[in-house]
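Asker: Dumping the structure here so I can ask a few things about it.
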Amino acid sequence: KSPWSWIPSLYFAQGLPYVAVMTISVIMYKRLGISNADIALYTSWLYLPWVIKPFWSPFVDLLKTKRWWVVSMQILVGAGLAGIAFTIPASNFFQLTLALFWLMAFSSATHDIAADGFYMLALDSNKQAMYVGIRSTFYRVATIAGQGLLIIIAGALESATGLTPLDLEVKAGPNYSASIEIPSDSLLVNPYVNNPTDDYTFDIYPDILEIGTGNISKDSASILRSFAYEQNLRNGFIIRDGVVSLDGQNIKSSWWSSSISTPLGNWIKRNFGENRDLNKVNQLTGSSRLVFVRLTKAPESGQKIVLNTSFNRGDKSIFLAHGERIEFTSDNWDKPAMLLVQVDPKLDHDAVANFRGLSGNITFAWSITFFILAGFFIAVALYHKFILPKPISDTSSSTDVTPSAIFKEFFETFASFFRKKQVLVAVSFLLLFRFSEAQLVKMVTPFLLDPNELGGLGLTTGQVGMVYGTVGIIGLTLGGIIGGIVASVGGLKKWLWPMALSIALPSFSFVYLALFLPDNLFVINFCVFIEQFGYGFGFTAYMLYMIYFSDGKHKTAHYAICTAFMALGMMIPGMIAGWLQELLGYKNFFYWIMICYGLTFIVTAFLKIDPAFGKKVK
């Protein structure tokens, strides 16, 4: 069968449950009224199965076939999605859905192990190189579809099952007033108290909000936000944030901080940091305005009408700073709820944005959304049941399935990985090849957002979304696809050094941006595109080397171990990136990034690769 008949669908199916667990769950819980503290705490633990998946990857190698594991896990993921859809309306939905998300996370992580192993068994090295960019592309398409299409479906269902959606249009520009306004008591009185209507509708004042792009002090913005928060809290529209303040507590610094990080940081800053007068940094923020929302009819006793308001279209430099979720009841319907709209402090031109508030049956909307996703996954499992090829090499690694034999083979899987030739070189390569990029990727968005006074480019939120969220993704995808094509022609060994250079040299574009701080969006877009294209092209060598090094008896488990080192290689450098940038400043930080690419070249120089790997067999 053509690889095109199953690679796109397999890796689309690999990406979708990950984004469902890690992203869609957060949005759903937010819409259902779970506090930010609980969302952050419990959903963060859902990432654990992908971190520890190498520990059970040997079982995928030892028992059954990779094809069996792929189809079985897809059915299990579909069942988990259906279970979530069934339990959302329950009173204890948070505990039940979390348990099912855990099941999905383990199933999805196991599916990742099996799918990557199957990819290596079903294709020869030439086709593995050819399609490595394609599989990455469809994985990214799945993340985009999950965060976009599924949220749109849920929103459409909310819109269809509730009151007429609330629409707020915001016009921002330098010609409008930027001063804050604390509302008078007359604006806090509902005009419908003495003249209720027969229909539920939302009354919004003003329906077209005009807000200036001139900045205000951060204290003034904080006063306005506190006013809106306290009014909404007092009237029962929101519940108090579950965050405990630690102000005034004397926390003794740790031994590490006092003995290592602080002295080292001071030495780095003194010898290599940029000299910037932080007192000159503008301590202003974007202008803010209040919007009042009222119900025109009292809900029945015990009934709750929830209004979820979010960005709909326009310039994302205009955003909702407070009031995303408002609850109307029979006790507070005759009082106005407050939304707070704010503009990006760097916005200096006319802009328009539209916000939409939905009040439909949220549990019904999300249940149907997860039913659709469950149905899709069951269909994908049935499709793969018939369409996935049956490689001769896709067999169970262990013919003896007694507990003692499996236990022995389990440890042999890990031992055989560390007995491979050049294992220390391979591990060093997996940890250090992206040492620079792991730091760079953490600081790109702050660099784009920070003002010129701090060494950043001073872009607005909307501009960053275009530069890195659109142009950057296009460059990354194209680089990966082209990298796979050329590797399939010349082989990994031939393209190893060009790819190592392509992951490093385009990063000079950020040195240029930090030195000259251009305000031309075309130049900024071009530099980000070049860097992301180079990274996508160079990352192909990294992916192919993991496949190459994993080859052998336990290739599925060994590839999973490689991915663990890959995650570690991104995590550790990323943890120190912000600390270093604050000490060095952006310009010197990017110099440091370029120096660190020396590690990329050193670990690449020690690799020994079969010249035939990746080439087409004539």
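Note on naming: chains are A, B, ... as they come in the structure tokens, residues start from 1 per chain, ligands start from 1 in the order shown.
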Distance table requested - segment 408-480 of chain A against segment 537-547 of chain A, cut-off 9 Å, only C-alpha atoms: one row per qualifying residue with the closest atom pair and its distance in Å to one decimal, ordered by chain and rising residue number, as JSON lines.

Answerer:
{"residue": "A:Ala426", "atom": "CA", "partner": "A:Met546", "partner_atom": "CA", "distance": 8.6}
{"residue": "A:Phe429", "atom": "CA", "partner": "A:Tyr542", "partner_atom": "CA", "distance": 8.5}
{"residue": "A:Leu430", "atom": "CA", "partner": "A:Tyr542", "partner_atom": "CA", "distance": 7.6}
{"residue": "A:Phe433", "atom": "CA", "partner": "A:Tyr542", "partner_atom": "CA", "distance": 7.8}
{"residue": "A:Arg434", "atom": "CA", "partner": "A:Phe539", "partner_atom": "CA", "distance": 8.6}
{"residue": "A:Leu476", "atom": "CA", "partner": "A:Phe537", "partner_atom": "CA", "distance": 7.6}
{"residue": "A:Thr477", "atom": "CA", "partner": "A:Phe537", "partner_atom": "CA", "distance": 8.7}
{"residue": "A:Leu478", "atom": "CA", "partner": "A:Phe537", "partner_atom": "CA", "distance": 7.9}
{"residue": "A:Gly479", "atom": "CA", "partner": "A:Phe537", "partner_atom": "CA", "distance": 4.2}
{"residue": "A:Gly480", "atom": "CA", "partner": "A:Phe537", "partner_atom": "CA", "distance": 4.9}

Asker: Fewer than 5 positions away in the same chain doesn't count, so skip those; otherwise give me all residues within 10 Å of Leu373 of chain A, counting only C-alpha atoms, as a PyMOL selection string.

Answerer: chain A and resi 16-17+20+77-78+81-82+85+146+150+367-368+378-379

Asker: I want to know what sits within 7 Å of Leu449 of chain A, based on only C-alpha atoms, with residues of the same chain fewer than 2 positions away left out; could you give that as a ChimeraX atom specification?

Answerer: /A:445-447,451,456-460

Asker: Using only C-alpha atoms, which of the listed residues (A:Asp519, A:Met338, A:Gly375, A:Phe272) sits closest to Trp592 of chain A?

Answerer: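 For Trp592 of chain A, the nearest of the given residues is A:Phe272.
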
Asker: Using only C-alpha atoms, which protein or nucleic acid residues come within 10 Å of Leu568 of chain A? Drop anything in the same chain fewer than 6 positions from it, and give the result as a ChimeraX atom specification.

Answerer: /A:51,430-432,562,574

Asker: As a ChimeraX atom specification, please: all residues of segment 97-241 of chain A that backbone DSSP puts in alpha helix (DSSP H).

Answerer: /A:97-122,125-161,218-234

Asker: I need the residue nearest Lys346 of chain A from this list: A:Ser179, A:Ser416, A:Ser125, A:Thr285. Use only C-alpha atoms for the distance.

Answerer: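 The closest residue to Lys346 of chain A is A:Thr285.
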